[in-house]
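Peer 1: Structure below; questions to follow.
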Amino acid sequence: MTTGLTMRRALSRAAVLVCVGLATAAWGADQELSQVIVTASRVPEPVADSFWSATVLTRADIEARQVQSLPDLLADLAGINIDQTGGLGQASSVFIRGAESDHTLLLIDGVRVGSATLGAPPFAIIPLEQIDHVEVVRGPRSTLYGSDAVGGVIQIFTRHATEPGLNFGGSAMDGSHDTHESSGYFTARGERAWMSLAGDTLTTDGIASCLPGALSAGAGCFQDHPSAAPNAFHNHSGSLTAGMKVTEQLTAQAEALVTDGWTAFDGDFDNNLEFTEKVTTLHLDQAVSDAWHLRLMAGRDVDEERDFFNLTPAGVFDTTRNSVSLQVDGKASSAVRVLGGVEYERVKVDSDTPFTVTARTTRGVFTELRGQSGPWSALAGARVEDNGQFGKHGTGNVGLARQLGSAARCTLTWGTAFRAPTFDELYFPGFGNSQLAPETSRSFEAGLDGAGGALRWSAHAYQTDINHLIAFDPSTFTPQNIDRARIRGVELQGDWHNRAWGIGGQLTVMEPLNLSPGPAYDNLLNRRARQSGALAVRRFLQTPAFGARGSLGVVGRWEGRRFDDLANTLPMGGYLTVDLLTQWAFGNGWSLEARAANLLDRDYQTAAYFAQDGRHYGVTIRYQSQGK
């Protein structure tokens with residue numbers, strides 16, 4: 001294990017390189033037009049101008065990667081660890097920069113999504129075919145979004161009409177484990193109105209995920225002789241977006257996403273669950289003047305879960321979230337941008353489990369100022385949130401950025417965040433601890449981002465200190481506030497391409513330590529690897545004789561050794577997976593995709609005693625209309 005002193009020295013050297021030594025590396029080449037991101041600051045801005053490390057995955061990126069789940073898509077990104085309790089549809093957690101899985105805030109079209117009892121977002125059931133693009137922001141964003149945004153924010157935008165006229169398309173996939181998926185969509189966009197309708201169905205027999213010996217090890221599904229039958233998963237989903245330009249200044253848009261299905265797993269108390277996630281949103285955008293906008297959002301998320309044991313009902317856990325926000329943003333002058341707003345959320349739990357408290361109301365007020373003078377820009381934000389159970393919490397952030405020539409930019413940021421305990425952690429009979437306090441954090445980050453010609457790159461170093469971290473205490477079988485955790489890390493990212501080749505990758509080095517007094521002091525936080533990385537190499541091809549263009553690609557993902565428990569007594573070995581991908585586009589809107597995933601057939605685990613899929617295959621055919 002790297003000592004704390006060694007890690008501090010590494011981070012110090014990285015910060016010096018980021019903000020001083022590499023300043024001379026600013027290139028004079030023209031910077032490519034940047035992608036636009038909304039999540040980082042709640043208003044559209046180029047990714048290159050964001051103070052926070054961010055990634056945008058477009059629809060083309062999703063299709064090129066050829067994975068079938070959102071966790072698999074996110075697993076390639078810098079600073080992200082994934083744990084999965086099996087194959088498709090099984091419980092999955094996303095750790096951003098070493099923070100807990102429930103320190104990741106998931107938004108769908110601006111609406112907070114997930115169970116208020118379990119706490120973790122439902123990443124495993126979000127259908128990729130319903131997604132237009134994904135925005136990932138690393139670092140504390142509680143100033144703008146309130147509770148849960150400790151490690152970062154992931155926002156999903158559902159399909160919408162981007163091209164004028166009528167467009168339609170669909171896909172059909174066949175893969176290993178009797179996996180089948182079919183999807184279709186239709187979009188229409190005119191001068192003043194637009195709409196999009198999409199549907200998808202995914203079914204798989206799955207894999208047998210729980211490994212023998214789990215009960216003896218006190219891990220996995222806690223069964224010594226788990227079922228050898230595969231764990232099936234069925235998911236049916238649909239989305240609808242409709243909008244119109246009411247006046248030259250007022251735009252209205254409504255979105256809806258529904259995903260419904262069931263999944264099977266090994267367990268002694270339940271082994272099957274039915275789920276439904278329903279997200280609806282209304283957006284109103286009023287241009288008050290050329291420089292100011294008023295934005296109103298009303299949203300509702302319904303998270304429903306029905307548990308069964310051998311088809312016998314075993315529990316009902318439903319969450320309803322109703323939320324509304326109003327924000328104003330604009331330019332106070334040519335050099336100052338202002339953002340301010342208010343938010344309200346009402347969460348209600350409906351369950352056959354007798355929770356002591358079943359509802360919570362939260363109100364928040366936030367503001368953020370951004371100024372620019374020459375090559376310098378600065379950021380300052382604050383939020384006061386009034387939680388009906390835990391009272392008022394204040395969070396804030398500041399940032400400073402310096403443009404280095406025309407192709408590089410250095411950023412320094414500091415921010416605080418917090419997370420309120422879930423209803424399960426507080427009130428679940430025999431498990432909850434009503435004395436829990438909210439978790440709080442402080443984060444510092446230094447970053448350097450650059451682009452020149454066909455190359456984009458970044459280097460970011462950060463430290464996050466979390467107080468009152470909530471963790472399961474095996475001696476009392478209840479969640480407890482441990483005193484402190486500290487996470488330090490460095491992320492390196494790069495992407496280069498020309499007409500024939502595309503190469504991109506990332507390397508993450510992290511030290512997620514439990515600094516609570518006691519026997520676990522200086523242990524690694526569970527299920528987080530100290531090193532991870534990914535590399536994608538793609539060769540672009542054209543075959544004029546067949547009227548086709550396409551690509552051949554290899555994606556490698558590596559993750560180092562980690563532990564399944566806080567005591568660091570249950571290790572999980574590191575692993576390397578290699579995927580082989582090909583994608584061909586033919587005339588008249590048709591394309592063909594094929595993949596061989598985990599080509600080396602590696603046995604590995606991201607959660608102890610839960611197997612991951614070996615070598616598996618898939619073929620997808622797509623069609624997209626070409627005319628208006």
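Order determines the names: the first chain of the structure tokens is A, the second B, and so forth; residues in each chain are numbered 1 upward, and ligands are numbered 1 upward as they are shown.
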Please identify which residues in segment 152-399 of chain A DSSP calls helix (DSSP H, G or I) from the backbone, and express them as number ranges by chain.

Peer 2: A: 214-217

Peer 1: Write out as a VMD selection string the residues lying within 12 Å of segment 589-601 of chain A, counting only C-alpha atoms and excluding same-chain residues fewer than 5 positions away.

Peer 2: chain A and resid 63 to 68 72 167 to 176 547 to 558 575 to 584 612 to 627

Peer 1: Excluding segment 413-423 of chain A and any residue of its chain fewer than 5 positions from it, enumerate the residues within 7 Å of it, using only C-alpha atoms, and give them as a list in words.

Peer 2: Ala116, Thr117, Leu118, Gly119, Pro140, Arg141, Ser142, Ser147, Asp148, Ala149, Val150, Thr395, Gly396, Asn397, Val398, Gly399, Leu400, Phe428, Pro438, Glu439, Thr440, Ser441, Arg442, Ser443, Phe444, Glu445 and Ala446 of chain A

Peer 1: Counting only C-alpha atoms, figure out which residue out of A:Ala208, A:Leu426, A:Val136, A:Val56 gets nearest to Phe390 of chain A.

Peer 2: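 Under the stated criterion, the closest residue is A:Leu426.
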
Peer 1: From segment 177-399 of chain A, collect each residue whose DSSP state is strand (DSSP E or B) and return the set as JSON, numbers by chain.

Peer 2: {"A": [179, 180, 181, 182, 183, 184, 185, 186, 187, 188, 189, 193, 194, 195, 196, 197, 198, 199, 200, 201, 202, 203, 204, 210, 233, 234, 235, 236, 237, 238, 239, 240, 241, 242, 243, 244, 245, 250, 251, 252, 253, 254, 255, 256, 257, 258, 259, 260, 261, 262, 263, 264, 272, 273, 274, 275, 276, 277, 278, 279, 280, 281, 282, 283, 284, 285, 286, 287, 292, 293, 294, 295, 296, 297, 298, 299, 300, 301, 302, 303, 304, 305, 306, 307, 308, 309, 312, 313, 314, 315, 316, 317, 318, 319, 320, 321, 322, 323, 324, 325, 326, 327, 328, 329, 330, 331, 332, 333, 336, 337, 338, 339, 340, 341, 342, 343, 344, 345, 346, 347, 348, 349, 350, 351, 359, 360, 361, 362, 363, 364, 365, 366, 367, 368, 369, 370, 371, 372, 373, 376, 377, 378, 379, 380, 381, 382, 383, 384, 385, 386, 387, 391, 392, 393, 394, 395, 396, 397, 398, 399]}

Peer 1: Expressed in Å to a single decimal, how great is the separation between atom CA of Thr276 of chain A and atom CA of Gly315 of chain A?

Peer 2: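 Those two atoms sit 14.6 Å apart.
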
Peer 1: Give the answer as one residue: which of A:Asp352, A:Glu559, A:Asp290, A:Asp307 has the shortest atom-to-atom distance to Ala332 of chain A, using only C-alpha atoms?

Peer 2: A:Asp290

Peer 1: Sort by chain and increasing residue number a table of all residues of segment 30-139 of chain A within 7 Å of segment 482-496 of chain A, each with its closest pair of atoms and their distance in Å to one decimal, counting only C-alpha atoms, and write it as a Markdown table.

Peer 2:
```
| residue | atom | partner | partner_atom | distance |
| --- | --- | --- | --- | --- |
| A:Ala78 | CA | A:Glu491 | CA | 6.3 |
| A:Gly79 | CA | A:Glu491 | CA | 6.7 |
| A:Gly98 | CA | A:Ile487 | CA | 6.4 |
```

Peer 1: Looking at only C-alpha atoms, which of A:Val302, A:Asp200, A:Thr143, A:Phe275 is the one that sits closest to Tyr185 of chain A?

Peer 2: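 For Tyr185 of chain A, the nearest of the candidates is A:Asp200.
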
Peer 1: Could you give me, as a PyMOL selection string, the residues within 10 Å of Arg59 of chain A, counting only C-alpha atoms and dropping anything in the same chain fewer than 2 positions from it?

Peer 2: chain A and resi 56-57+61-64+128-134+159

Peer 1: Please save C-alpha atoms of the selected residues as a short mmCIF file (atom, residue, chain, number, x, y, z; two decimals), in the first residue's frame.

Peer 2:
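Final output, out.cif:
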```cif
data_model
loop_
_atom_site.label_atom_id
_atom_site.label_comp_id
_atom_site.auth_asym_id
_atom_site.auth_seq_id
_atom_site.Cartn_x
_atom_site.Cartn_y
_atom_site.Cartn_z
CA VAL A 56 -20.12 14.07 -22.51
CA LEU A 57 -21.07 10.76 -24.15
CA ASP A 61 -20.38 7.29 -28.54
CA ILE A 62 -22.98 4.98 -27.01
CA GLU A 63 -23.52 3.06 -30.23
CA ALA A 64 -19.80 2.81 -30.98
CA LEU A 128 -29.34 2.79 -23.28
CA GLU A 129 -31.58 2.89 -26.36
CA GLN A 130 -33.66 5.64 -24.72
CA ILE A 131 -30.64 7.90 -24.17
CA ASP A 132 -29.66 10.80 -26.42
CA HIS A 133 -26.54 11.68 -24.43
CA VAL A 134 -24.99 11.40 -20.97
CA ARG A 159 -33.99 10.97 -27.06
#
```

Peer 1: Which one is closest to Leu339 of chain A: A:His460, A:Arg370, A:Arg300, A:Arg363? Count only C-alpha atoms.

Peer 2: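 For Leu339 of chain A, the nearest of the given residues is A:Arg370.
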
Peer 1: Which neighbours of segment 106-113 of chain A fall inside 6 Å, counting only C-alpha atoms, when residues of the same chain fewer than 4 positions from it are skipped, and could you give them as a PyMOL selection string?

Peer 2: chain A and resi 154-157+299

Peer 1: So how many Å separate atom CA of Thr263 of chain A and atom CA of His225 of chain A, to one decimal?

Peer 2: 20.2 Å

Peer 1: Counting only C-alpha atoms, what is within 10 Å of Thr247 of chain A, bar same-chain residues fewer than 5 positions away, as a PDB file with all heavy atoms, in the first residue's frame?

Peer 2:
```
ATOM      1  N   ARG A 192     -41.663  25.459 -35.255  1.00  0.00           N
ATOM      2  CA  ARG A 192     -42.092  25.886 -33.940  1.00  0.00           C
ATOM      3  C   ARG A 192     -42.422  24.727 -32.998  1.00  0.00           C
ATOM      4  O   ARG A 192     -42.699  24.961 -31.817  1.00  0.00           O
ATOM      5  CB  ARG A 192     -43.320  26.803 -34.057  1.00  0.00           C
ATOM      6  CG  ARG A 192     -43.106  28.031 -34.925  1.00  0.00           C
ATOM      7  CD  ARG A 192     -44.239  29.017 -34.744  1.00  0.00           C
ATOM      8  NE  ARG A 192     -44.255  29.594 -33.402  1.00  0.00           N
ATOM      9  CZ  ARG A 192     -43.560  30.674 -33.048  1.00  0.00           C
ATOM     10  NH1 ARG A 192     -42.776  31.278 -33.925  1.00  0.00           N
ATOM     11  NH2 ARG A 192     -43.640  31.140 -31.820  1.00  0.00           N
ATOM     12  N   ALA A 252     -41.602  25.719 -24.358  1.00  0.00           N
ATOM     13  CA  ALA A 252     -42.124  24.717 -23.423  1.00  0.00           C
ATOM     14  C   ALA A 252     -41.768  23.328 -23.940  1.00  0.00           C
ATOM     15  O   ALA A 252     -41.868  23.063 -25.146  1.00  0.00           O
ATOM     16  CB  ALA A 252     -43.635  24.854 -23.281  1.00  0.00           C
ATOM     17  N   GLN A 286     -38.096  31.022 -20.487  1.00  0.00           N
ATOM     18  CA  GLN A 286     -38.536  32.353 -20.893  1.00  0.00           C
ATOM     19  C   GLN A 286     -37.323  33.269 -21.046  1.00  0.00           C
ATOM     20  O   GLN A 286     -36.557  33.467 -20.097  1.00  0.00           O
ATOM     21  CB  GLN A 286     -39.478  32.940 -19.848  1.00  0.00           C
ATOM     22  CG  GLN A 286     -39.869  34.399 -20.093  1.00  0.00           C
ATOM     23  CD  GLN A 286     -40.842  34.559 -21.242  1.00  0.00           C
ATOM     24  OE1 GLN A 286     -41.847  33.858 -21.318  1.00  0.00           O
ATOM     25  NE2 GLN A 286     -40.542  35.485 -22.154  1.00  0.00           N
ATOM     26  N   ALA A 287     -37.124  33.789 -22.246  1.00  0.00           N
ATOM     27  CA  ALA A 287     -36.064  34.774 -22.465  1.00  0.00           C
ATOM     28  C   ALA A 287     -36.586  36.135 -22.019  1.00  0.00           C
ATOM     29  O   ALA A 287     -37.467  36.720 -22.667  1.00  0.00           O
ATOM     30  CB  ALA A 287     -35.661  34.804 -23.932  1.00  0.00           C
TER      31      ALA A 287
END
```

Peer 1: Do a neighbour search on Gly330 of chain A at 9 Å with only C-alpha atoms, toss out local chain neighbours closer than 4 positions, and write the hits as a list in words.

Peer 2: Asp290, Ala291, Trp292, His293, Leu294, Val336, Arg337, Val338 and Leu339 of chain A

Peer 1: Quick one: of A:Ala459, A:Leu284, A:Ala40, A:Ala382, who's nearest to Val324 of chain A, counting only C-alpha atoms?

Peer 2: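 Checking each of A:Ala459, A:Leu284, A:Ala40, A:Ala382 against Val324 of chain A, counting only C-alpha atoms, the winner is A:Leu284.
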